[in-house]
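Shown below: protein.cif, with mmCIF, C-alpha atoms.
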```cif
data_protein
loop_
_atom_site.label_atom_id
_atom_site.label_comp_id
_atom_site.auth_asym_id
_atom_site.auth_seq_id
_atom_site.Cartn_x
_atom_site.Cartn_y
_atom_site.Cartn_z
CA MET V 1 52.41 51.83 24.13
CA HIS V 2 50.29 52.36 27.22
CA ALA V 3 46.65 51.31 26.81
CA LEU V 4 43.84 52.42 29.11
CA VAL V 5 41.03 49.82 28.90
CA ALA V 6 37.63 50.47 30.50
CA THR V 7 34.33 48.73 31.20
CA VAL V 8 31.64 49.23 33.82
CA VAL V 9 29.14 46.73 32.37
CA HIS V 10 31.15 43.64 31.52
CA HIS V 11 32.68 41.24 34.01
CA PRO V 12 36.37 42.14 34.59
CA GLU V 13 37.25 38.62 33.40
CA ASP V 14 35.24 39.01 30.22
CA ALA V 15 37.02 36.88 27.67
CA ARG V 16 37.00 39.35 24.78
CA ILE V 17 38.30 42.16 26.96
CA LEU V 18 40.73 40.45 29.32
CA HIS V 19 41.69 37.08 27.93
CA ARG V 20 41.91 38.10 24.30
CA GLN V 21 42.51 41.81 23.82
CA ILE V 22 44.37 42.70 27.02
CA ARG V 23 46.34 39.45 26.85
CA ALA V 24 47.34 40.30 23.26
CA LEU V 25 48.51 43.76 24.29
CA LEU V 26 50.58 42.40 27.17
CA ASP V 27 52.10 39.69 25.00
CA ALA V 28 53.11 42.34 22.45
CA GLY V 29 55.07 44.17 25.16
CA HIS V 30 52.61 46.98 25.89
CA THR V 31 51.38 48.12 29.30
CA VAL V 32 47.73 48.26 30.35
CA THR V 33 45.70 50.13 32.93
CA TYR V 34 42.36 48.40 33.37
CA VAL V 35 39.29 50.22 34.73
CA ALA V 36 36.61 47.68 35.73
CA PRO V 37 34.30 46.63 38.62
CA PHE V 38 36.72 44.24 40.30
CA ARG V 39 35.46 44.45 43.87
CA GLU V 40 31.75 44.02 43.11
CA ARG V 41 32.56 40.97 41.00
CA GLY V 42 35.00 39.48 43.51
CA VAL V 43 37.87 39.42 41.03
CA THR V 44 41.58 39.45 41.83
CA PRO V 45 43.31 41.34 39.00
CA TRP V 46 46.25 39.97 37.08
CA PRO V 47 49.54 41.20 38.59
CA GLU V 48 50.74 42.43 35.16
CA LEU V 49 48.01 45.07 35.12
CA SER V 50 47.58 48.46 36.71
CA VAL V 51 43.96 48.47 37.81
CA VAL V 52 41.31 50.97 38.88
CA ASP V 53 38.24 49.62 40.65
CA VAL V 54 34.89 51.23 39.82
CA PRO V 55 31.27 50.33 40.64
CA ARG V 56 29.36 48.07 38.31
CA ALA V 57 26.62 49.40 36.03
CA ALA V 58 23.68 46.98 36.15
CA GLY V 59 20.01 47.36 35.34
CA ARG V 60 18.85 50.85 36.24
CA ARG V 61 21.78 51.40 38.62
CA ARG V 62 24.25 53.13 36.29
CA LEU V 63 24.77 56.72 37.37
CA ARG V 64 27.21 55.93 40.21
CA ALA V 65 29.32 53.73 37.93
CA LEU V 66 29.43 56.37 35.20
CA ARG V 67 30.51 59.08 37.64
CA ALA V 68 33.32 56.87 38.95
CA ALA V 69 34.38 55.93 35.43
CA ARG V 70 34.43 59.59 34.35
CA ALA V 71 36.73 60.44 37.25
CA ALA V 72 39.00 57.45 36.61
CA LEU V 73 39.31 58.14 32.89
CA ALA V 74 39.97 61.83 33.48
CA GLU V 75 42.80 60.91 35.85
CA HIS V 76 44.46 58.21 33.75
CA ALA V 77 43.76 59.19 30.14
CA PRO V 78 46.48 61.88 29.95
CA GLN V 79 49.16 59.26 30.69
CA ALA V 80 47.85 56.77 28.10
CA ASP V 81 48.58 56.46 24.38
CA VAL V 82 45.24 54.84 23.63
CA LEU V 83 41.88 54.57 25.40
CA LEU V 84 39.89 51.44 24.55
CA PHE V 85 36.40 51.26 26.04
CA HIS V 86 33.75 48.55 25.75
CA ASP V 87 30.37 49.95 26.84
CA PRO V 88 28.19 52.42 24.92
CA GLU V 89 27.38 53.97 28.31
CA LEU V 90 30.97 55.18 28.54
CA LEU V 91 30.34 57.55 25.64
CA LEU V 92 28.84 59.71 28.39
CA ALA V 93 31.96 59.49 30.58
CA LEU V 94 34.82 60.25 28.19
CA PRO V 95 37.15 63.04 29.34
CA ARG V 96 37.99 65.99 27.08
CA ASN V 97 41.73 65.46 27.45
CA ARG V 98 42.18 61.96 26.10
CA PRO V 99 44.48 60.04 23.75
CA VAL V 100 43.52 58.06 20.65
CA THR V 101 40.09 56.72 21.61
CA ILE V 102 38.53 53.46 20.42
CA TRP V 103 35.06 52.09 21.05
CA ASP V 104 34.95 48.30 20.80
CA VAL V 105 31.39 47.61 19.60
CA HIS V 106 30.31 44.28 21.10
CA GLU V 107 26.65 44.21 20.10
CA ASP V 108 23.85 45.96 18.28
CA ALA V 109 23.00 48.27 21.16
CA ALA V 110 19.71 49.54 19.75
CA ALA V 111 18.47 46.03 18.95
CA ALA V 112 19.65 44.79 22.35
CA LEU V 113 17.32 47.29 24.06
CA LEU V 114 14.36 45.21 22.88
CA THR V 115 15.36 42.36 25.22
CA LYS V 116 16.50 44.31 28.31
CA PRO V 117 14.15 43.28 31.15
CA TRP V 118 15.16 46.25 33.32
CA LEU V 119 14.04 48.76 30.68
CA PRO V 120 10.30 49.58 30.55
CA LYS V 121 8.77 48.12 27.39
CA ALA V 122 7.29 51.47 26.41
CA LEU V 123 10.80 52.94 26.13
CA ARG V 124 12.60 50.14 24.28
CA ARG V 125 11.68 51.02 20.69
CA PRO V 126 11.70 54.83 21.10
CA LEU V 127 15.23 54.67 22.53
CA GLY V 128 16.54 52.81 19.46
CA PRO V 129 16.88 55.93 17.26
CA VAL V 130 18.53 57.77 20.15
CA VAL V 131 21.18 55.03 20.40
CA ARG V 132 21.68 55.09 16.62
CA GLY V 133 22.28 58.83 16.84
CA PHE V 134 24.94 58.31 19.51
CA GLU V 135 26.60 55.72 17.30
CA ARG V 136 26.73 58.03 14.28
CA ARG V 137 28.19 60.86 16.33
CA ALA V 138 30.71 58.52 17.95
CA GLU V 139 32.19 57.34 14.66
CA ARG V 140 32.95 60.96 13.73
CA ARG V 141 34.82 61.52 17.00
CA MET V 142 36.80 58.33 17.52
CA HIS V 143 37.87 54.99 16.05
CA LEU V 144 35.58 51.97 16.16
CA LEU V 145 36.30 48.24 16.28
CA LEU V 146 33.42 45.92 15.41
CA ALA V 147 32.90 42.44 16.84
CA GLU V 148 30.79 41.29 13.87
CA GLU V 149 30.82 41.82 10.12
CA GLY V 150 27.05 42.27 10.40
CA TYR V 151 27.52 45.50 12.37
CA ARG V 152 28.99 47.35 9.37
CA ASP V 153 25.59 48.42 8.00
CA ARG V 154 24.87 50.45 11.14
CA PHE V 155 27.67 52.90 10.39
CA GLU V 156 28.39 55.34 7.60
CA ARG V 157 32.13 54.70 7.54
CA SER V 158 34.18 51.54 7.23
CA HIS V 159 35.58 50.17 10.48
CA PRO V 160 37.86 47.16 11.15
CA VAL V 161 36.32 43.99 12.50
CA VAL V 162 37.89 42.07 15.39
CA PRO V 163 35.66 38.97 15.49
CA ASN V 164 34.77 37.00 18.59
CA THR V 165 36.94 34.00 17.89
CA THR V 166 38.55 31.77 20.49
CA TYR V 167 41.64 29.82 21.41
CA VAL V 168 41.41 26.48 19.60
CA PRO V 169 43.56 23.61 20.88
CA GLU V 170 45.52 21.63 18.34
CA ARG V 171 43.31 18.69 19.28
CA PRO V 172 40.41 18.38 21.74
CA ALA V 173 41.29 17.09 25.18
CA ARG V 174 38.46 14.51 25.12
CA ARG V 175 35.97 13.00 22.71
CA PRO V 176 32.26 13.73 23.21
CA GLY V 177 30.67 11.82 26.07
CA THR V 178 27.13 10.51 26.53
CA ASP V 179 25.71 11.76 29.84
CA ARG V 180 25.69 15.56 29.82
CA VAL V 181 25.13 18.56 27.55
CA VAL V 182 26.44 22.05 28.30
CA TYR V 183 25.50 25.67 27.85
CA LEU V 184 28.25 28.26 28.21
CA GLY V 185 27.55 31.98 28.36
CA HIS V 186 25.36 34.71 29.78
CA LEU V 187 21.77 33.71 30.51
CA SER V 188 18.53 35.52 29.78
CA THR V 189 15.11 34.72 28.40
CA ALA V 190 16.19 35.80 24.92
CA ARG V 191 19.24 33.54 25.18
CA GLY V 192 17.03 30.51 25.77
CA ALA V 193 17.08 30.13 29.56
CA ARG V 194 13.51 28.80 29.72
CA GLU V 195 14.21 26.29 26.96
CA LEU V 196 17.33 25.10 28.79
CA VAL V 197 15.29 24.45 31.93
CA GLU V 198 12.63 22.57 29.97
CA LEU V 199 15.36 20.64 28.14
CA GLY V 200 16.73 19.54 31.50
CA ARG V 201 13.32 18.32 32.62
CA ILE V 202 12.84 16.29 29.44
CA LEU V 203 16.33 14.73 29.56
CA GLN V 204 16.33 13.97 33.28
CA PRO V 205 14.57 10.56 32.94
CA HIS V 206 17.05 9.64 30.19
CA GLY V 207 20.07 10.13 32.47
CA VAL V 208 21.43 13.17 30.60
CA LYS V 209 22.34 16.23 32.67
CA VAL V 210 22.04 19.82 31.46
CA GLU V 211 24.99 21.84 32.79
CA VAL V 212 24.65 25.61 32.62
CA ILE V 213 27.77 27.76 33.02
CA GLY V 214 27.36 31.51 33.14
CA ALA V 215 25.94 34.51 34.93
CA ALA V 216 22.23 35.31 34.58
CA ASP V 217 20.31 38.55 34.44
CA GLY V 218 18.04 39.46 37.32
CA ALA V 219 14.85 38.18 35.70
CA THR V 220 16.38 34.77 34.96
CA LYS V 221 18.07 33.99 38.28
CA PRO V 222 14.89 32.81 40.09
CA LEU V 223 14.07 30.47 37.20
CA LEU V 224 17.51 28.87 37.29
CA ARG V 225 17.60 28.62 41.08
CA ALA V 226 14.27 26.81 41.08
CA ALA V 227 15.42 24.49 38.27
CA GLN V 228 18.61 23.78 40.19
CA GLN V 229 16.64 22.82 43.30
CA GLU V 230 14.45 20.38 41.37
CA GLY V 231 17.48 18.89 39.62
CA ALA V 232 16.46 19.94 36.11
CA VAL V 233 19.74 21.76 35.50
CA HIS V 234 23.13 22.07 37.15
CA TRP V 235 23.79 25.83 37.21
CA TYR V 236 27.35 26.83 38.10
CA GLY V 237 26.98 30.60 37.73
CA PHE V 238 29.88 32.62 36.38
CA VAL V 239 33.07 30.61 35.99
CA PRO V 240 36.33 32.12 34.64
CA ASN V 241 36.60 31.08 31.04
CA ASP V 242 39.76 28.99 31.28
CA GLN V 243 38.02 26.85 33.91
CA ALA V 244 34.69 26.90 32.07
CA LEU V 245 36.19 25.54 28.88
CA ARG V 246 37.77 22.68 30.76
CA MET V 247 34.30 21.90 32.11
CA VAL V 248 32.83 21.95 28.60
CA SER V 249 35.31 19.41 27.28
CA GLY V 250 33.96 15.88 26.96
CA ALA V 251 30.27 16.79 26.93
CA LEU V 252 27.81 15.12 24.58
CA ALA V 253 26.92 18.45 22.91
CA GLY V 254 27.04 22.21 23.31
CA ILE V 255 23.70 24.04 23.32
CA SER V 256 22.77 27.45 21.89
CA LEU V 257 19.04 28.21 21.88
CA LEU V 258 19.00 31.94 21.13
CA HIS V 259 15.65 33.47 20.25
CA ASP V 260 14.81 35.15 16.97
CA THR V 261 15.61 38.73 17.97
CA PRO V 262 17.21 41.51 15.87
CA ASN V 263 20.35 41.49 17.98
CA TYR V 264 21.05 37.82 17.21
CA ARG V 265 20.09 37.63 13.54
CA HIS V 266 23.45 38.86 12.25
CA SER V 267 25.70 37.69 15.10
CA MET V 268 27.76 34.57 15.57
CA PRO V 269 27.28 33.19 19.10
CA THR V 270 30.81 32.77 20.39
CA LYS V 271 29.65 29.74 22.35
CA VAL V 272 29.06 27.89 19.06
CA ILE V 273 32.69 28.40 18.02
CA GLU V 274 33.87 27.40 21.49
CA TYR V 275 31.92 24.16 21.39
CA MET V 276 33.45 23.35 18.00
CA ALA V 277 36.91 24.32 19.23
CA HIS V 278 36.68 21.83 22.08
CA GLY V 279 35.33 18.93 20.07
CA LEU V 280 31.61 19.10 20.85
CA PRO V 281 28.74 18.67 18.39
CA VAL V 282 26.58 21.80 18.36
CA ILE V 283 22.82 21.99 18.84
CA THR V 284 21.62 25.45 17.87
CA SER V 285 18.45 27.34 17.11
CA PRO V 286 18.36 28.64 13.50
CA THR V 287 19.95 32.05 14.02
CA PRO V 288 21.25 32.65 10.49
CA VAL V 289 25.00 32.88 11.07
CA ALA V 290 25.13 29.91 13.44
CA ALA V 291 22.93 27.76 11.21
CA ARG V 292 25.14 28.46 8.17
CA LEU V 293 28.23 27.55 10.16
CA VAL V 294 27.04 24.21 11.52
CA ASN V 295 25.03 23.05 8.48
CA GLY V 296 26.27 24.98 5.47
CA ARG V 297 30.00 24.39 5.21
CA PRO V 298 31.74 22.48 2.40
CA GLU V 299 33.75 20.57 5.02
CA GLY V 300 30.53 19.05 6.30
CA ASP V 301 28.17 19.54 9.23
CA SER V 302 29.32 20.25 12.76
CA GLY V 303 25.96 20.18 14.51
CA LEU V 304 22.17 19.99 14.40
CA VAL V 305 19.75 22.90 13.95
CA VAL V 306 16.45 22.86 15.87
CA PRO V 307 13.47 25.25 15.71
CA TYR V 308 13.22 28.35 17.87
CA ASN V 309 11.59 27.98 21.30
CA ASP V 310 11.37 24.20 21.00
CA ALA V 311 12.92 22.36 23.94
CA ALA V 312 11.40 19.06 22.81
CA ALA V 313 13.19 19.27 19.45
CA ALA V 314 16.43 20.09 21.24
CA ALA V 315 15.95 17.04 23.47
CA ASP V 316 15.33 14.85 20.41
CA ALA V 317 18.59 16.13 18.92
CA VAL V 318 20.48 15.30 22.14
CA LEU V 319 19.10 11.77 22.24
CA ARG V 320 19.85 11.28 18.56
CA LEU V 321 23.50 12.19 19.15
CA ARG V 322 23.70 9.91 22.17
CA SER V 323 22.35 6.95 20.22
CA ASP V 324 24.58 7.51 17.17
CA PRO V 325 28.30 7.56 18.12
CA PRO V 326 29.56 7.79 14.49
CA LEU V 327 27.40 10.88 13.88
CA ARG V 328 28.45 12.43 17.19
CA ASN V 329 32.14 11.93 16.53
CA ARG V 330 31.92 13.06 12.89
CA LEU V 331 30.24 16.34 13.84
CA ALA V 332 32.78 16.92 16.59
CA THR V 333 35.77 16.25 14.34
CA THR V 334 34.48 18.47 11.54
CA GLY V 335 33.65 21.30 13.92
CA HIS V 336 37.09 21.26 15.50
CA ALA V 337 38.81 21.33 12.11
CA ILE V 338 36.75 24.34 11.00
CA ALA V 339 37.40 26.18 14.25
CA ARG V 340 41.12 25.50 14.15
CA SER V 341 41.49 26.66 10.54
CA GLU V 342 39.33 29.80 10.70
CA PHE V 343 38.59 30.86 14.27
CA HIS V 344 41.86 30.56 16.19
CA TRP V 345 42.22 33.82 18.13
CA PRO V 346 46.02 34.34 17.89
CA THR V 347 45.63 35.21 14.20
CA GLN V 348 43.20 38.01 15.06
CA ALA V 349 45.33 39.00 18.06
CA VAL V 350 48.20 40.12 15.84
CA GLN V 351 45.84 42.16 13.64
CA PHE V 352 44.16 43.71 16.69
CA VAL V 353 47.44 44.91 18.21
CA GLN V 354 48.76 46.17 14.88
CA GLN V 355 45.60 48.20 14.32
CA LEU V 356 45.95 49.95 17.68
CA GLU V 357 49.63 50.59 17.06
CA GLU V 358 48.89 52.11 13.64
CA TRP V 359 46.28 54.48 15.05
CA VAL V 360 48.63 55.58 17.82
CA GLN V 361 51.53 56.05 15.42
CA ALA V 362 49.36 58.10 13.08
CA ALA V 363 48.28 60.36 15.95
CA GLN V 364 51.85 60.79 17.16
CA GLY V 365 52.99 61.55 13.63
CA SER V 366 50.32 64.24 13.23
CA GLN V 367 51.32 65.81 16.52
CA ALA V 368 54.99 65.81 15.55
CA GLU V 369 54.30 67.38 12.16
CA GLY V 370 52.18 70.06 13.80
CA ALA V 371 55.13 70.88 16.05
CA GLY V 372 57.61 70.86 13.16
CA VAL V 373 59.26 67.66 14.38
CA ARG V 374 59.93 64.61 12.27
CA LEU V 375 59.65 61.31 14.09
CA PRO V 376 62.46 58.85 13.43
CA HIS V 377 61.65 55.28 12.50
CA GLN V 378 61.32 53.33 15.73
CA ALA V 379 62.26 49.74 16.28
CA THR V 380 60.38 49.85 19.55
CA GLY V 381 56.65 49.99 20.10
CA PRO V 382 54.76 53.13 19.11
CA ALA V 383 55.06 54.68 22.55
CA GLY V 384 58.68 53.70 23.04
CA THR V 385 57.94 50.37 24.66
CA PRO V 386 60.56 47.80 23.72
CA GLN V 387 59.39 45.04 21.47
CA ARG V 388 59.92 41.53 22.75
CA THR V 389 59.10 38.04 21.72
CA PRO V 390 55.48 37.44 22.72
CA ARG V 391 54.71 34.70 25.19
CA PRO V 392 53.02 31.76 23.48
CA PHE V 393 49.25 31.90 23.38
CA PRO V 394 47.65 29.12 25.43
CA LEU V 395 46.19 26.43 23.23
CA VAL V 396 43.40 25.90 25.71
CA GLY V 397 42.30 29.13 27.27
CA PRO V 398 39.64 31.71 27.90
CA ALA V 399 37.48 32.62 25.02
CA THR V 400 34.26 34.46 25.18
CA SER V 401 32.45 37.56 26.09
CA GLU V 402 28.71 37.48 26.30
CA ARG V 403 28.40 34.64 23.76
#
```

Could you rewrite the structure in this file as structure tokens?
Amino acid sequence: MHALVATVVHHPEDARILHRQIRALLDAGHTVTYVAPFRERGVTPWPELSVVDVPRAAGRRRLRALRAARAALAEHAPQADVLLFHDPELLLALPRNRPVTIWDVHEDAAAALLTKPWLPKALRRPLGPVVRGFERRAERRMHLLLAEEGYRDRFERSHPVVPNTTYVPERPARRPGTDRVVYLGHLSTARGARELVELGRILQPHGVKVEVIGAADGATKPLLRAAQQEGAVHWYGFVPNDQALRMVSGALAGISLLHDTPNYRHSMPTKVIEYMAHGLPVITSPTPVAARLVNGRPEGDSGLVVPYNDAAAAADAVLRLRSDPPLRNRLATTGHAIARSEFHWPTQAVQFVQQLEEWVQAAQGSQAEGAGVRLPHQATGPAGTPQRTPRPFPLVGPATSER
């Protein structure tokens, strides 16, 4: 099977796209052509991939990227068995002549508009129904994969869920430390960037560093640069996920201070699962799914929940964990066990690949029946690609998308 994978919004090394889904396709013996903004992001593609470089869509600068994506998809779609795209914007760039087409729905696009700083406030709510209309039309024209169970209510039909899980090592590389806390993921005001900066200021006299790993939106970059200069936070910018997760290991706690916005109320922050996977206690704001995971499990707690928009409460939680090693280690051990048993990506990887193969096989079967041809049972992949023993999944590896 030959998969054509496309994004103009996400980083080419986005963990959901590259390190989970594309890696799973390659390990199953399939071939992949990847359309993404490699040059603008300074990324060297994997040698196993055929790649097409396109401009990046960011803020209000999207038209050039969509034109390039339309041309790239029109050129490469006829040679592919399946087209998997990751941005709602690409609904406007799909070619007429295309194979089985799948939209991987990463977020609640209409709800996400409410927190986009580049979009005028007067347009954010009125555009929501327009986006919902695009979604309803899309599900009648193509297959959908959902990243969250909570996205099901937005659609009329039932669609498979490929959750944002992660690679969970058999055991954490290090136990939680005492002198630093970490945030891993994209940064914006709604994702708690201001609270992270204030947290760093509060913890600085206590000798606890706040390390921030991830790219930031345009409105947040000046805040983080200023905080970096004053020593309130250590901001590393975007770091490839395999490296970022090694940096996370051994921290005192992992931080997730998402705001109470519609887009986060039914979503699991992938960063929370990643912290658990790598043996870190979690400190999270009370977004419902995250709060139920860290405080509502029969196995026990894996973290502490603090109020929204309250850096002082988050700092108190950090200092409590530092002063209580048994609590810190118990939360870390419980979190890792939960992550290993329920959120280990290779389980979902098999289901993800099988779902794509089934859709492609069904389309090929329909085409053959329409031509009066019966397809024989194939021991190879659905597009004639030989099956092979997959390479082992890394036990410590890249994990997340936007978190």

Legend entry - Distance query Leu73 (chain V) at most 10 Å, all atoms listed in the file, self and fewer than 4 positions along chain excluded, as a PyMOL selection string: chain V and resi 4-6+35+52+68-69+77-78+80+83+90+93-98

Report the centre and edge lengths, in Å to one decimal, of an axis-aligned box enclosing every atom of region 214-230 of chain V listed in the file, padded by 8 Å on each side, as JSON.
```
{"center_x": 20.7, "center_y": 29.9, "center_z": 38.2, "size_x": 29.3, "size_y": 35.1, "size_z": 26.2}
```

Legend entry - Near-region 135-142 of chain V list (7 Å; only C-alpha atoms; drop same-chain fewer than 6 positions) as a VMD selection string: chain V and resid 101 to 102 155

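When the PyMOL selection byres ((chain V and resi 253) around 6) is evaluated on the file shown here, the picked residues come out as V:Val181, V:Ala251, V:Leu252, V:Gly254, V:Leu280, V:Pro281, V:Val282.
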
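Using the PyMOL selection byres ((chain V and resi 180) around 9) on the file at hand returns these residues: Gly177, Thr178, Asp179, Val181, Val182, Gly207, Val208, Lys209, Val210, Glu211, Gly250, Ala251, Leu252 and Ala253 of chain V.
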
Could you write those residues out with C-alpha atoms, as a tab-separated table (two decimals), in the coordinates of the input?
```tsv
chain	number	residue	atom	x	y	z
V	177	GLY	CA	30.67	11.82	26.07
V	178	THR	CA	27.13	10.51	26.53
V	179	ASP	CA	25.71	11.76	29.84
V	181	VAL	CA	25.13	18.56	27.55
V	182	VAL	CA	26.44	22.05	28.30
V	207	GLY	CA	20.07	10.13	32.47
V	208	VAL	CA	21.43	13.17	30.60
V	209	LYS	CA	22.34	16.23	32.67
V	210	VAL	CA	22.04	19.82	31.46
V	211	GLU	CA	24.99	21.84	32.79
V	250	GLY	CA	33.96	15.88	26.96
V	251	ALA	CA	30.27	16.79	26.93
V	252	LEU	CA	27.81	15.12	24.58
V	253	ALA	CA	26.92	18.45	22.91
```

At a cut-off of 12 Å, can you tabulate as JSON lines every residue of region 8-107 of chain V near region 161-164 of chain V together with its closest atom pair and the distance in Å to one decimal, using all atoms listed in the file and ordering rows by chain then number?
```
{"residue": "V:Asp14", "atom": "CA", "partner": "V:Asn164", "partner_atom": "CA", "distance": 11.8}
{"residue": "V:Ala15", "atom": "CA", "partner": "V:Asn164", "partner_atom": "CA", "distance": 9.4}
{"residue": "V:Arg16", "atom": "CA", "partner": "V:Asn164", "partner_atom": "CA", "distance": 7.0}
{"residue": "V:Ile17", "atom": "CA", "partner": "V:Asn164", "partner_atom": "CA", "distance": 10.4}
{"residue": "V:His19", "atom": "CA", "partner": "V:Asn164", "partner_atom": "CA", "distance": 11.6}
{"residue": "V:Arg20", "atom": "CA", "partner": "V:Asn164", "partner_atom": "CA", "distance": 9.2}
{"residue": "V:Gln21", "atom": "CA", "partner": "V:Val162", "partner_atom": "CA", "distance": 9.6}
{"residue": "V:Trp103", "atom": "CA", "partner": "V:Val161", "partner_atom": "CA", "distance": 11.8}
{"residue": "V:Asp104", "atom": "CA", "partner": "V:Val162", "partner_atom": "CA", "distance": 8.8}
{"residue": "V:Val105", "atom": "CA", "partner": "V:Val161", "partner_atom": "CA", "distance": 9.4}
{"residue": "V:His106", "atom": "CA", "partner": "V:Asn164", "partner_atom": "CA", "distance": 8.9}
{"residue": "V:Glu107", "atom": "CA", "partner": "V:Asn164", "partner_atom": "CA", "distance": 11.0}
```

Legend entry - Who sits within 9 Å of Thr334 (chain V), all atoms listed in the file, same chain under 3 positions skipped, as a list of chain:residue names: V:Met276, V:Gly279, V:Pro281, V:Glu299, V:Gly300, V:Asp301, V:Ser302, V:Asn329, V:Arg330, V:Leu331, V:Ala337, V:Ile338, V:Ala339

Go ahead and write the residues just picked, C-alpha atoms, as a compact mmCIF listing (two decimals), keeping the file's coordinate frame.
```
# COMPACT_ATOMS: atom_id res chain seq x y z
CA MET V 276 33.45 23.35 18.00
CA GLY V 279 35.33 18.93 20.07
CA PRO V 281 28.74 18.67 18.39
CA GLU V 299 33.75 20.57 5.02
CA GLY V 300 30.53 19.05 6.30
CA ASP V 301 28.17 19.54 9.23
CA SER V 302 29.32 20.25 12.76
CA ASN V 329 32.14 11.93 16.53
CA ARG V 330 31.92 13.06 12.89
CA LEU V 331 30.24 16.34 13.84
CA ALA V 337 38.81 21.33 12.11
CA ILE V 338 36.75 24.34 11.00
CA ALA V 339 37.40 26.18 14.25
```

Using the chain letters and numbers from this file, what does the PyMOL selection byres ((chain V and resi 310) around 12) select? Give the answer as a compact mmCIF listing (two decimals) with C-alpha atoms, in the coordinates of the input.
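Below you can see selection20.txt, which holds the result:
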```txt
# COMPACT_ATOMS: atom_id res chain seq x y z
CA GLY V 192 17.03 30.51 25.77
CA ALA V 193 17.08 30.13 29.56
CA ARG V 194 13.51 28.80 29.72
CA GLU V 195 14.21 26.29 26.96
CA LEU V 196 17.33 25.10 28.79
CA VAL V 197 15.29 24.45 31.93
CA GLU V 198 12.63 22.57 29.97
CA LEU V 199 15.36 20.64 28.14
CA ILE V 202 12.84 16.29 29.44
CA SER V 256 22.77 27.45 21.89
CA LEU V 257 19.04 28.21 21.88
CA LEU V 258 19.00 31.94 21.13
CA HIS V 259 15.65 33.47 20.25
CA ILE V 283 22.82 21.99 18.84
CA THR V 284 21.62 25.45 17.87
CA SER V 285 18.45 27.34 17.11
CA PRO V 286 18.36 28.64 13.50
CA VAL V 305 19.75 22.90 13.95
CA VAL V 306 16.45 22.86 15.87
CA PRO V 307 13.47 25.25 15.71
CA TYR V 308 13.22 28.35 17.87
CA ASN V 309 11.59 27.98 21.30
CA ALA V 311 12.92 22.36 23.94
CA ALA V 312 11.40 19.06 22.81
CA ALA V 313 13.19 19.27 19.45
CA ALA V 314 16.43 20.09 21.24
CA ALA V 315 15.95 17.04 23.47
CA ASP V 316 15.33 14.85 20.41
CA ALA V 317 18.59 16.13 18.92
```

Inset, instruction - Between V:Ala190, V:Pro47, V:Lys221, V:Arg174, single out the one closest to Arg246 (chain V), counting only C-alpha atoms. - result: V:Arg174

Legend entry - Trp235 (chain V) environment, 12 Å, only C-alpha atoms, sequence neighbours closer than 5 positions dropped, as an MDAnalysis selection string: chainID V and resid 182:187 193 196:197 200 209:216 220:230

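Relative to CA of Val294 (chain V), CA of Pro172 (chain V) is found at 17.8 Å.
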
Legend entry - Expected answer as a ChimeraX atom specification: all residues with atoms within 7 Å of (22.6, 36.1, 21.0), all atoms listed in the file: /V:191,258,263-264,267,269,403

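Put simply, CA of Val360 (chain V) is 6.8 Å away from CA of Val82 (chain V).
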
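Our summary of the geometry notes that CA of Ser249 (chain V) is positioned 5.9 Å from CA of His278 (chain V).
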
Inset, instruction - Using all atoms listed in the file, determine which residues lie at most 6 Å from region 343-353 of chain V, disregarding the query and same-chain residues fewer than 4 positions distant; provide the list as a list in words. - result: Ala24, Thr165, Thr166, Tyr167, Val168 and Ala339 of chain V

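The smallest atom-to-atom distance between Asp87 (chain V) and any of V:Arg60, V:Ala65, V:Thr287, V:Arg39, using only C-alpha atoms, is found for V:Ala65.
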
Inset, instruction - Considering all atoms listed in the file, state which residue in the set V:Thr261, V:Val8, V:Val272, V:Leu304 is at the smallest distance from Leu63 (chain V). - result: V:Val8

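Counting only C-alpha atoms, the residue from V:Ser366, V:Val43, V:Arg297, V:Asp27 that sits nearest to Phe238 (chain V) is V:Val43.
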